[in-house]
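Text of the file upload-v7.csv, holding CSV, C-alpha atoms:
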```
chain,number,residue,atom,x,y,z
A,851,MET,CA,-53.6,-87.5,-114.8
A,852,PRO,CA,-50.5,-85.3,-114.6
A,853,SER,CA,-47.6,-86.0,-117.0
A,854,ILE,CA,-44.0,-85.1,-117.2
A,855,PHE,CA,-44.9,-83.4,-120.5
A,856,ASP,CA,-47.0,-80.8,-118.6
A,857,ASN,CA,-43.6,-79.5,-117.5
A,858,PHE,CA,-42.4,-78.9,-121.0
A,859,PRO,CA,-42.8,-75.5,-122.7
A,860,GLU,CA,-45.4,-74.9,-125.4
A,861,GLY,CA,-44.3,-74.3,-128.9
A,862,LEU,CA,-41.8,-77.1,-129.2
A,863,SER,CA,-41.2,-78.4,-132.7
A,864,ALA,CA,-42.7,-81.7,-133.8
A,865,ASP,CA,-39.2,-83.1,-134.1
A,866,MET,CA,-38.3,-82.1,-130.6
A,867,LEU,CA,-41.5,-83.5,-129.1
A,868,GLN,CA,-41.0,-86.7,-130.9
A,869,LYS,CA,-37.4,-86.9,-129.6
A,870,LEU,CA,-38.6,-86.2,-126.0
A,871,LYS,CA,-41.4,-88.7,-126.2
A,872,SER,CA,-39.1,-91.5,-127.4
A,873,ASN,CA,-37.2,-91.0,-124.1
A,874,VAL,CA,-40.2,-91.4,-121.8
A,875,THR,CA,-42.0,-94.7,-121.2
A,876,THR,CA,-45.1,-95.3,-119.1
A,877,LYS,CA,-45.0,-98.1,-116.7
A,878,GLN,CA,-47.5,-99.8,-114.3
A,879,VAL,CA,-46.1,-100.6,-110.9
A,880,SER,CA,-47.7,-102.8,-108.2
A,881,LYS,CA,-47.8,-102.0,-104.6
A,882,GLY,CA,-44.7,-103.2,-102.9
A,883,GLN,CA,-42.6,-103.4,-106.1
A,884,ILE,CA,-39.0,-102.2,-105.8
A,885,LEU,CA,-37.8,-99.9,-108.6
A,886,LEU,CA,-34.3,-99.2,-107.4
A,887,ARG,CA,-32.0,-100.9,-104.9
A,888,LYS,CA,-29.0,-99.4,-103.1
A,889,GLY,CA,-25.8,-100.0,-105.0
A,890,GLU,CA,-27.5,-100.2,-108.5
A,891,LYS,CA,-26.3,-97.8,-111.1
A,892,VAL,CA,-29.5,-96.9,-112.9
A,893,GLY,CA,-29.9,-93.3,-113.9
A,894,LYS,CA,-33.7,-93.4,-114.0
A,895,ALA,CA,-36.2,-90.9,-112.7
A,896,TYR,CA,-39.9,-91.5,-112.1
A,897,PHE,CA,-42.7,-89.0,-112.6
A,898,VAL,CA,-45.7,-90.3,-110.7
A,899,ARG,CA,-49.0,-90.1,-112.7
A,900,SER,CA,-51.1,-91.9,-110.1
A,901,GLY,CA,-50.4,-93.7,-106.8
A,902,CYS,CA,-47.4,-93.1,-104.5
A,903,LEU,CA,-43.8,-94.1,-104.5
A,904,ARG,CA,-41.3,-93.8,-101.7
A,905,SER,CA,-37.5,-93.6,-101.3
A,906,TYR,CA,-35.6,-94.8,-98.3
A,907,ALA,CA,-32.1,-95.6,-96.9
A,908,ILE,CA,-31.2,-98.6,-94.8
A,909,ASP,CA,-28.6,-98.1,-92.2
A,910,GLU,CA,-25.9,-100.5,-91.0
A,911,LYS,CA,-28.3,-101.9,-88.4
A,912,GLY,CA,-30.9,-102.7,-91.0
A,913,LYS,CA,-33.2,-99.8,-89.9
A,914,GLU,CA,-35.2,-98.0,-92.7
A,915,HIS,CA,-35.2,-94.2,-92.9
A,916,VAL,CA,-37.7,-92.7,-95.3
A,917,PHE,CA,-36.1,-90.1,-97.5
A,918,MET,CA,-39.2,-88.9,-99.4
A,919,PHE,CA,-42.6,-89.7,-100.6
A,920,ALA,CA,-43.7,-89.1,-104.2
A,921,PRO,CA,-47.5,-88.8,-104.7
A,922,GLU,CA,-49.1,-87.7,-108.0
A,923,GLY,CA,-47.1,-85.0,-109.8
A,924,TRP,CA,-43.8,-85.6,-108.0
A,925,ILE,CA,-40.5,-86.8,-109.5
A,926,ILE,CA,-38.5,-89.3,-107.5
A,927,THR,CA,-35.0,-90.6,-108.2
A,928,ASP,CA,-31.5,-91.1,-106.6
A,929,ILE,CA,-29.8,-88.0,-107.9
A,930,GLY,CA,-26.2,-89.4,-107.6
A,931,ALA,CA,-26.5,-91.6,-110.6
A,932,HIS,CA,-27.5,-88.7,-112.8
A,933,ILE,CA,-24.6,-86.5,-112.1
A,934,HIS,CA,-21.7,-88.5,-110.8
A,935,ASP,CA,-22.5,-92.0,-112.1
A,936,LYS,CA,-22.5,-93.1,-108.5
A,937,PRO,CA,-24.3,-96.3,-107.2
A,938,ALA,CA,-27.6,-95.5,-105.6
A,939,GLU,CA,-27.8,-94.8,-101.9
A,940,LEU,CA,-31.6,-95.1,-101.8
A,941,PHE,CA,-34.2,-97.7,-102.4
A,942,ILE,CA,-37.3,-96.8,-104.3
A,943,ASP,CA,-40.6,-98.8,-103.9
A,944,ALA,CA,-44.3,-98.4,-104.5
A,945,LEU,CA,-46.6,-97.8,-101.6
A,946,GLU,CA,-49.7,-98.1,-103.8
A,947,ASP,CA,-50.4,-99.5,-107.3
A,948,SER,CA,-49.0,-96.7,-109.4
A,949,GLU,CA,-48.6,-95.4,-112.9
A,950,VAL,CA,-45.2,-93.8,-113.6
A,951,GLU,CA,-43.4,-92.2,-116.5
A,952,VAL,CA,-39.8,-93.3,-116.6
A,953,PHE,CA,-37.1,-91.0,-118.0
A,954,ASN,CA,-33.4,-90.0,-117.6
A,955,SER,CA,-32.7,-86.7,-116.1
A,956,GLU,CA,-30.8,-85.7,-119.4
A,957,LEU,CA,-34.3,-85.2,-120.7
A,958,PHE,CA,-34.4,-81.7,-119.2
A,959,SER,CA,-31.2,-80.7,-120.9
A,960,GLN,CA,-32.2,-81.8,-124.3
A,961,PHE,CA,-34.0,-78.7,-125.5
A,962,ASN,CA,-30.7,-77.0,-126.1
A,963,GLU,CA,-27.3,-76.4,-124.6
A,964,HIS,CA,-28.0,-73.0,-123.1
A,965,ASN,CA,-29.2,-73.9,-119.7
A,966,HIS,CA,-27.2,-77.2,-119.4
A,967,ASN,CA,-24.8,-75.7,-116.9
A,968,ALA,CA,-27.5,-74.1,-114.7
A,969,ILE,CA,-29.3,-77.5,-114.6
A,970,MET,CA,-26.2,-79.4,-113.8
A,971,ARG,CA,-25.4,-77.0,-110.9
A,972,LEU,CA,-28.9,-77.4,-109.5
A,973,LEU,CA,-28.7,-81.2,-109.8
A,974,LYS,CA,-25.3,-81.2,-108.0
A,975,ARG,CA,-26.7,-79.1,-105.3
A,976,ASN,CA,-29.7,-81.5,-105.0
A,977,TYR,CA,-27.2,-84.3,-104.6
A,978,VAL,CA,-25.3,-82.6,-101.8
A,979,LEU,CA,-28.6,-81.9,-100.0
A,980,GLN,CA,-29.8,-85.5,-100.6
A,981,LYS,CA,-26.6,-86.9,-99.1
A,982,ARG,CA,-26.8,-84.5,-96.2
A,983,ILE,CA,-30.3,-85.6,-95.2
A,984,ILE,CA,-29.5,-89.3,-95.6
A,985,MET,CA,-26.5,-88.9,-93.4
A,986,LEU,CA,-28.3,-86.8,-90.8
A,987,MET,CA,-30.8,-89.6,-90.5
A,988,SER,CA,-28.7,-92.7,-90.8
A,989,ALA,CA,-24.9,-92.3,-90.7
A,990,THR,CA,-22.4,-92.3,-87.8
A,991,LEU,CA,-20.6,-89.1,-86.9
A,992,GLN,CA,-17.4,-90.5,-88.4
A,993,GLU,CA,-19.1,-91.1,-91.7
A,994,ARG,CA,-20.6,-87.7,-91.6
A,995,TYR,CA,-17.3,-86.1,-90.9
A,996,LEU,CA,-15.6,-88.0,-93.8
A,997,ASP,CA,-18.4,-86.9,-96.1
A,998,PHE,CA,-17.9,-83.3,-94.9
A,999,ILE,CA,-14.2,-83.5,-95.9
A,1000,GLU,CA,-15.1,-84.8,-99.3
A,1001,THR,CA,-17.7,-82.1,-99.9
A,1002,TYR,CA,-15.5,-79.3,-98.6
A,1003,PRO,CA,-11.9,-80.5,-99.1
A,1004,ASP,CA,-10.4,-77.0,-98.7
A,1005,ILE,CA,-12.1,-75.5,-95.7
A,1006,VAL,CA,-11.4,-77.8,-92.8
A,1007,GLN,CA,-8.4,-75.7,-91.7
A,1008,ARG,CA,-10.1,-72.4,-92.5
A,1009,VAL,CA,-13.3,-72.4,-90.4
A,1010,PRO,CA,-13.6,-72.8,-86.6
A,1011,GLN,CA,-14.1,-76.3,-85.4
A,1012,LYS,CA,-17.2,-75.3,-83.5
A,1013,MET,CA,-18.9,-74.4,-86.8
A,1014,ILE,CA,-18.0,-77.7,-88.4
A,1015,ALA,CA,-19.5,-79.4,-85.3
A,1016,SER,CA,-22.6,-77.3,-85.7
A,1017,TYR,CA,-22.9,-78.3,-89.4
A,1018,LEU,CA,-22.6,-81.9,-88.3
A,1019,GLY,CA,-25.1,-81.4,-85.5
A,1020,VAL,CA,-22.8,-82.4,-82.6
A,1021,THR,CA,-20.8,-80.9,-79.8
A,1022,PRO,CA,-17.2,-79.7,-80.5
A,1023,GLU,CA,-16.0,-82.3,-78.0
A,1024,ALA,CA,-17.6,-85.2,-80.0
A,1025,LEU,CA,-16.1,-83.9,-83.2
A,1026,SER,CA,-12.7,-83.6,-81.6
A,1027,LYS,CA,-13.0,-87.2,-80.4
A,1028,VAL,CA,-13.8,-88.5,-83.9
A,1029,ARG,CA,-10.9,-86.5,-85.4
A,1030,SER,CA,-8.4,-88.0,-83.0
A,1031,GLU,CA,-9.8,-91.5,-83.7
A,1032,LEU,CA,-9.3,-90.9,-87.4
A,1033,ALA,CA,-5.8,-89.6,-86.9
A,1034,LYS,CA,-4.8,-92.9,-85.2
A,1035,LYS,CA,-6.0,-95.0,-88.1
A,1036,PRO,CA,-3.2,-96.4,-90.3
B,1416,MET,CA,-10.7,-66.1,-109.7
B,1417,PRO,CA,-13.8,-68.1,-110.6
B,1418,SER,CA,-16.9,-66.2,-111.8
B,1419,ILE,CA,-20.5,-67.0,-112.2
B,1420,PHE,CA,-19.9,-66.3,-115.9
B,1421,ASP,CA,-17.8,-69.5,-116.1
B,1422,ASN,CA,-21.1,-71.3,-115.8
B,1423,PHE,CA,-22.6,-69.7,-118.8
B,1424,PRO,CA,-22.5,-71.3,-122.2
B,1425,GLU,CA,-20.1,-70.2,-125.0
B,1426,GLY,CA,-21.5,-68.5,-128.0
B,1427,LEU,CA,-24.0,-66.2,-126.4
B,1428,SER,CA,-24.9,-63.1,-128.4
B,1429,ALA,CA,-23.3,-59.7,-127.3
B,1430,ASP,CA,-26.8,-58.5,-126.5
B,1431,MET,CA,-27.4,-61.5,-124.2
B,1432,LEU,CA,-24.0,-61.1,-122.5
B,1433,GLN,CA,-24.7,-57.5,-121.9
B,1434,LYS,CA,-28.1,-58.3,-120.4
B,1435,LEU,CA,-26.6,-60.9,-118.1
B,1436,LYS,CA,-23.7,-58.7,-117.0
B,1437,SER,CA,-26.1,-55.9,-116.1
B,1438,ASN,CA,-27.7,-58.3,-113.6
B,1439,VAL,CA,-24.5,-59.2,-111.8
B,1440,THR,CA,-22.6,-56.9,-109.5
B,1441,THR,CA,-19.3,-57.6,-107.8
B,1442,LYS,CA,-19.1,-56.8,-104.0
B,1443,GLN,CA,-16.3,-56.8,-101.4
B,1444,VAL,CA,-17.5,-58.3,-98.1
B,1445,SER,CA,-15.6,-58.0,-94.8
B,1446,LYS,CA,-15.2,-60.9,-92.3
B,1447,GLY,CA,-18.1,-61.0,-90.0
B,1448,GLN,CA,-20.4,-58.9,-92.3
B,1449,ILE,CA,-24.0,-60.2,-92.5
B,1450,LEU,CA,-25.5,-60.4,-96.0
B,1451,LEU,CA,-28.9,-61.8,-95.1
B,1452,ARG,CA,-31.0,-62.0,-92.0
B,1453,LYS,CA,-33.9,-64.3,-91.1
B,1454,GLY,CA,-37.2,-62.7,-92.1
B,1455,GLU,CA,-35.8,-60.6,-94.9
B,1456,LYS,CA,-37.3,-60.9,-98.3
B,1457,VAL,CA,-34.3,-60.5,-100.5
B,1458,GLY,CA,-34.0,-62.8,-103.5
B,1459,LYS,CA,-30.3,-62.4,-103.9
B,1460,ALA,CA,-27.8,-65.2,-104.5
B,1461,TYR,CA,-24.0,-65.0,-104.0
B,1462,PHE,CA,-21.3,-66.6,-106.1
B,1463,VAL,CA,-18.1,-66.7,-104.0
B,1464,ARG,CA,-15.1,-65.5,-106.1
B,1465,SER,CA,-12.7,-65.6,-103.1
B,1466,GLY,CA,-13.0,-66.1,-99.3
B,1467,CYS,CA,-15.8,-68.0,-97.6
B,1468,LEU,CA,-19.4,-67.4,-96.7
B,1469,ARG,CA,-21.7,-69.4,-94.4
B,1470,SER,CA,-25.4,-69.8,-93.9
B,1471,TYR,CA,-27.0,-70.7,-90.6
B,1472,ALA,CA,-30.3,-71.0,-88.8
B,1473,ILE,CA,-31.0,-69.9,-85.2
B,1474,ASP,CA,-33.5,-72.0,-83.2
B,1475,GLU,CA,-35.9,-70.8,-80.6
B,1476,LYS,CA,-33.4,-71.1,-77.9
B,1477,GLY,CA,-30.9,-68.9,-79.7
B,1478,LYS,CA,-28.6,-71.8,-80.8
B,1479,GLU,CA,-26.9,-71.5,-84.2
B,1480,HIS,CA,-27.0,-74.4,-86.7
B,1481,VAL,CA,-24.7,-74.1,-89.7
B,1482,PHE,CA,-26.6,-74.9,-92.9
B,1483,MET,CA,-23.8,-74.7,-95.4
B,1484,PHE,CA,-20.3,-73.2,-96.1
B,1485,ALA,CA,-19.6,-71.6,-99.4
B,1486,PRO,CA,-15.9,-71.3,-100.3
B,1487,GLU,CA,-14.6,-70.2,-103.7
B,1488,GLY,CA,-16.8,-71.3,-106.6
B,1489,TRP,CA,-19.9,-72.1,-104.5
B,1490,ILE,CA,-23.3,-70.3,-104.8
B,1491,ILE,CA,-25.1,-69.5,-101.5
B,1492,THR,CA,-28.6,-68.2,-101.0
B,1493,ASP,CA,-31.9,-68.8,-99.2
B,1494,ILE,CA,-33.8,-70.5,-101.8
B,1495,GLY,CA,-37.3,-69.8,-100.5
B,1496,ALA,CA,-37.2,-66.1,-101.6
B,1497,HIS,CA,-36.5,-67.1,-105.2
B,1498,ILE,CA,-39.4,-69.4,-105.7
B,1499,HIS,CA,-42.1,-68.6,-103.2
B,1500,ASP,CA,-41.3,-65.0,-102.2
B,1501,LYS,CA,-40.9,-66.3,-98.7
B,1502,PRO,CA,-39.0,-64.5,-95.9
B,1503,ALA,CA,-35.5,-66.0,-95.4
B,1504,GLU,CA,-35.1,-68.8,-92.9
B,1505,LEU,CA,-31.3,-68.5,-92.9
B,1506,PHE,CA,-28.7,-65.9,-92.0
B,1507,ILE,CA,-25.7,-65.5,-94.4
B,1508,ASP,CA,-22.4,-64.0,-93.2
B,1509,ALA,CA,-18.8,-63.9,-94.2
B,1510,LEU,CA,-16.2,-66.1,-92.4
B,1511,GLU,CA,-13.4,-64.4,-94.3
B,1512,ASP,CA,-12.9,-61.2,-96.2
B,1513,SER,CA,-14.5,-62.2,-99.5
B,1514,GLU,CA,-15.3,-61.1,-103.0
B,1515,VAL,CA,-18.7,-62.1,-104.3
B,1516,GLU,CA,-20.9,-61.7,-107.4
B,1517,VAL,CA,-24.4,-60.8,-106.4
B,1518,PHE,CA,-27.3,-61.9,-108.7
B,1519,ASN,CA,-30.9,-63.0,-108.7
B,1520,SER,CA,-31.7,-66.6,-109.5
B,1521,GLU,CA,-33.8,-65.5,-112.5
B,1522,LEU,CA,-30.4,-65.0,-114.1
B,1523,PHE,CA,-30.3,-68.7,-115.0
B,1524,SER,CA,-33.7,-68.6,-116.7
B,1525,GLN,CA,-32.9,-65.6,-118.9
B,1526,PHE,CA,-31.3,-67.4,-121.8
B,1527,ASN,CA,-34.7,-68.5,-123.1
B,1528,GLU,CA,-38.0,-69.9,-121.9
B,1529,HIS,CA,-37.3,-73.5,-122.9
B,1530,ASN,CA,-35.8,-74.8,-119.7
B,1531,HIS,CA,-37.6,-72.4,-117.3
B,1532,ASN,CA,-39.9,-75.2,-116.0
B,1533,ALA,CA,-37.1,-77.6,-115.4
B,1534,ILE,CA,-35.1,-75.0,-113.5
B,1535,MET,CA,-38.2,-74.0,-111.4
B,1536,ARG,CA,-38.8,-77.7,-110.5
B,1537,LEU,CA,-35.1,-78.1,-109.4
B,1538,LEU,CA,-35.3,-74.9,-107.4
B,1539,LYS,CA,-38.5,-76.0,-105.7
B,1540,ARG,CA,-36.9,-79.4,-104.9
B,1541,ASN,CA,-33.9,-77.5,-103.5
B,1542,TYR,CA,-36.3,-75.6,-101.3
B,1543,VAL,CA,-37.9,-78.7,-99.9
B,1544,LEU,CA,-34.5,-80.2,-99.1
B,1545,GLN,CA,-33.2,-76.9,-97.6
B,1546,LYS,CA,-36.3,-76.8,-95.3
B,1547,ARG,CA,-36.0,-80.4,-94.4
B,1548,ILE,CA,-32.4,-80.0,-93.3
B,1549,ILE,CA,-33.0,-76.8,-91.3
B,1550,MET,CA,-35.9,-78.6,-89.5
B,1551,LEU,CA,-34.0,-81.8,-88.8
B,1552,MET,CA,-31.3,-79.6,-87.1
B,1553,SER,CA,-33.4,-77.1,-85.3
B,1554,ALA,CA,-37.1,-77.6,-85.2
B,1555,THR,CA,-39.4,-79.3,-82.7
B,1556,LEU,CA,-41.2,-82.5,-83.7
B,1557,GLN,CA,-44.5,-80.6,-83.8
B,1558,GLU,CA,-43.0,-78.0,-86.3
B,1559,ARG,CA,-41.6,-80.8,-88.4
B,1560,TYR,CA,-44.9,-82.6,-88.5
B,1561,LEU,CA,-46.8,-79.4,-89.5
B,1562,ASP,CA,-44.2,-78.8,-92.2
B,1563,PHE,CA,-44.7,-82.4,-93.4
B,1564,ILE,CA,-48.5,-81.8,-93.8
B,1565,GLU,CA,-47.8,-78.6,-95.7
B,1566,THR,CA,-45.3,-80.4,-98.1
B,1567,TYR,CA,-47.5,-83.5,-98.5
B,1568,PRO,CA,-51.1,-82.3,-97.9
B,1569,ASP,CA,-52.7,-85.4,-99.6
B,1570,ILE,CA,-50.8,-88.4,-98.2
B,1571,VAL,CA,-51.1,-88.2,-94.4
B,1572,GLN,CA,-54.1,-90.6,-94.6
B,1573,ARG,CA,-52.5,-92.8,-97.4
B,1574,VAL,CA,-49.2,-93.9,-95.9
B,1575,PRO,CA,-48.6,-95.9,-92.7
B,1576,GLN,CA,-47.9,-93.8,-89.7
B,1577,LYS,CA,-44.6,-95.6,-89.0
B,1578,MET,CA,-43.3,-94.4,-92.4
B,1579,ILE,CA,-44.2,-90.8,-91.5
B,1580,ALA,CA,-42.5,-91.3,-88.2
B,1581,SER,CA,-39.4,-92.6,-90.1
B,1582,TYR,CA,-39.4,-89.6,-92.4
B,1583,LEU,CA,-39.5,-87.3,-89.4
B,1584,GLY,CA,-36.8,-89.3,-87.6
B,1585,VAL,CA,-38.8,-90.3,-84.5
B,1586,THR,CA,-40.7,-93.3,-83.1
B,1587,PRO,CA,-44.3,-93.9,-84.1
B,1588,GLU,CA,-45.2,-93.4,-80.4
B,1589,ALA,CA,-43.7,-89.9,-80.4
B,1590,LEU,CA,-45.5,-89.0,-83.6
B,1591,SER,CA,-48.8,-90.3,-82.2
B,1592,LYS,CA,-48.4,-88.1,-79.1
B,1593,VAL,CA,-47.8,-84.9,-81.2
B,1594,ARG,CA,-50.9,-85.7,-83.3
B,1595,SER,CA,-53.1,-86.0,-80.3
B,1596,GLU,CA,-51.7,-82.8,-78.9
B,1597,LEU,CA,-52.5,-81.0,-82.2
B,1598,ALA,CA,-56.0,-82.5,-82.2
B,1599,LYS,CA,-56.7,-80.9,-78.8
B,1600,LYS,CA,-55.8,-77.4,-80.0
B,1601,PRO,CA,-58.7,-75.0,-80.7
```

What's the structure tokens form of this structure?
Amino acid sequence: MPSIFDNFPEGLSADMLQKLKSNVTTKQVSKGQILLRKGEKVGKAYFVRSGCLRSYAIDEKGKEHVFMFAPEGWIITDIGAHIHDKPAELFIDALEDSEVEVFNSELFSQFNEHNHNAIMRLLKRNYVLQKRIIMLMSATLQERYLDFIETYPDIVQRVPQKMIASYLGVTPEALSKVRSELAKKP
Amino acid sequence: MPSIFDNFPEGLSADMLQKLKSNVTTKQVSKGQILLRKGEKVGKAYFVRSGCLRSYAIDEKGKEHVFMFAPEGWIITDIGAHIHDKPAELFIDALEDSEVEVFNSELFSQFNEHNHNAIMRLLKRNYVLQKRIIMLMSATLQERYLDFIETYPDIVQRVPQKMIASYLGVTPEALSKVRSELAKKP
């Protein structure tokens, strides 16, 4: 079976290996079991050794939107908890009886300090992309626009409205309507 | 102005700094200038020191879909070229006169070999997310389904069709129709 340790470089010291191993636990998960719920603040990631996990969002109307599948060899998590200490936006459950390795994403930064910044930047980028997909699937235009302003606080006045509309996947007219609705709010 | 070197750890050797600097060039870009075109195989990334860049996809009907904006401090690239040597799916242009630092993503792996695997995994994940967003915005259901099979070759038979439909953002009936269309192709 694949293991998260396959991703680690060869030639690590015995001390380092020991330290890494103490941060990884193996867990058996039953089909249907929920590992993460929206709103929880649990910075855990799962490497799938066998079976299959899934993450999904639930919108305001109670509809499920599958965010990703994680068969053998994949890592699945809600990335927000790792970098911003944010409550989870996703649920994670098991589609099959599965064996997983549980770890914290800090694991990857533990070898040394040198690549910490590069890894943090990539994790942050993953978070922006995760949020974008969840929102494209399940959020209202108003929510997507507010998220856009949070992601890009400085550029709303700098780029043409039609490009912001294109980013959000709507017509300029629909964006204009949402902006005037927001302007009327107290 | 911010610089890609702000992201590097302190305490690097003079040799290492020299090596990194030789891989980064500063470039002035004029408003409207195109830095990357779909189909090109150029593994360059841009750190924006001032101004604002944008990446976008163009669909079969010639419609533009903004993928992301990159104001000061952001990195913008087409991730496929860095990890799979794939032709670009995105265009990158300048929305304002800008100053950028040009580099190859290998830059981040150059400190040492230890975190190379972690960085590659994160880059690959970024690529899957990039492709997913481009496709949600601009691809037909058939294209999205074929991409799904490529991303998850092993699980089409293992997970319920309604979950695959949910991942693709369509009804199970629409997915079923596309599958039977594909089955009829020679």

(request) Determine the nearest neighbour of Thr1440 in chain B from the options B:Gly1466, B:Glu1516, B:Ile1498, B:Thr1492, counting only C-alpha atoms. (result) B:Glu1516

(request) Kindly provide, as a VMD selection string, the residues of chain A having any atom no farther than 8 Å from an atom of chain B, counting all atoms listed in the file. (result) chain A and resid 857 to 859 914 to 918 921 945 958 to 959 961 963 to 965 967 to 969 972 to 973 975 to 976 979 to 980 982 to 983 986 to 987 1005 1009 1013 to 1014 1016 to 1017 1019

Put those residues in a file: C-alpha atoms, as a compact mmCIF listing (two decimals), in the frame of the given file.
```
# COMPACT_ATOMS: atom_id res chain seq x y z
CA ASN A 857 -43.60 -79.50 -117.50
CA PHE A 858 -42.40 -78.90 -121.00
CA PRO A 859 -42.80 -75.50 -122.70
CA GLU A 914 -35.20 -98.00 -92.70
CA HIS A 915 -35.20 -94.20 -92.90
CA VAL A 916 -37.70 -92.70 -95.30
CA PHE A 917 -36.10 -90.10 -97.50
CA MET A 918 -39.20 -88.90 -99.40
CA PRO A 921 -47.50 -88.80 -104.70
CA LEU A 945 -46.60 -97.80 -101.60
CA PHE A 958 -34.40 -81.70 -119.20
CA SER A 959 -31.20 -80.70 -120.90
CA PHE A 961 -34.00 -78.70 -125.50
CA GLU A 963 -27.30 -76.40 -124.60
CA HIS A 964 -28.00 -73.00 -123.10
CA ASN A 965 -29.20 -73.90 -119.70
CA ASN A 967 -24.80 -75.70 -116.90
CA ALA A 968 -27.50 -74.10 -114.70
CA ILE A 969 -29.30 -77.50 -114.60
CA LEU A 972 -28.90 -77.40 -109.50
CA LEU A 973 -28.70 -81.20 -109.80
CA ARG A 975 -26.70 -79.10 -105.30
CA ASN A 976 -29.70 -81.50 -105.00
CA LEU A 979 -28.60 -81.90 -100.00
CA GLN A 980 -29.80 -85.50 -100.60
CA ARG A 982 -26.80 -84.50 -96.20
CA ILE A 983 -30.30 -85.60 -95.20
CA LEU A 986 -28.30 -86.80 -90.80
CA MET A 987 -30.80 -89.60 -90.50
CA ILE A 1005 -12.10 -75.50 -95.70
CA VAL A 1009 -13.30 -72.40 -90.40
CA MET A 1013 -18.90 -74.40 -86.80
CA ILE A 1014 -18.00 -77.70 -88.40
CA SER A 1016 -22.60 -77.30 -85.70
CA TYR A 1017 -22.90 -78.30 -89.40
CA GLY A 1019 -25.10 -81.40 -85.50
```

(message) Taking all atoms listed in the file into account, name the residue in A:Gln992, A:Asn954, A:Ser948, A:Asn873 that is nearest to Glu1031 in chain A.
(response)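 Closest to Glu1031 in chain A, using all atoms listed in the file: A:Gln992.
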
(request) Using CA of Ser900 in chain A and CA of Ala864 in chain A as the two end points, give the distance in Å to one decimal. (result)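 For CA of Ser900 in chain A relative to CA of Ala864 in chain A, the distance reads 27.1 Å.
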
(request) Could you tell me how far CA of Val952 in chain A lies from CA of Lys1546 in chain B, in Å and to one decimal? (result)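 Between these atoms lies a distance of 27.2 Å.
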
(request) Find the residues near Lys894 in chain A: any atom within 10 Å, counting only C-alpha atoms, skip ones fewer than 6 places away on the same chain, and give them as a ChimeraX atom specification. (result) /A:885-886,926-929,931-932,952-956
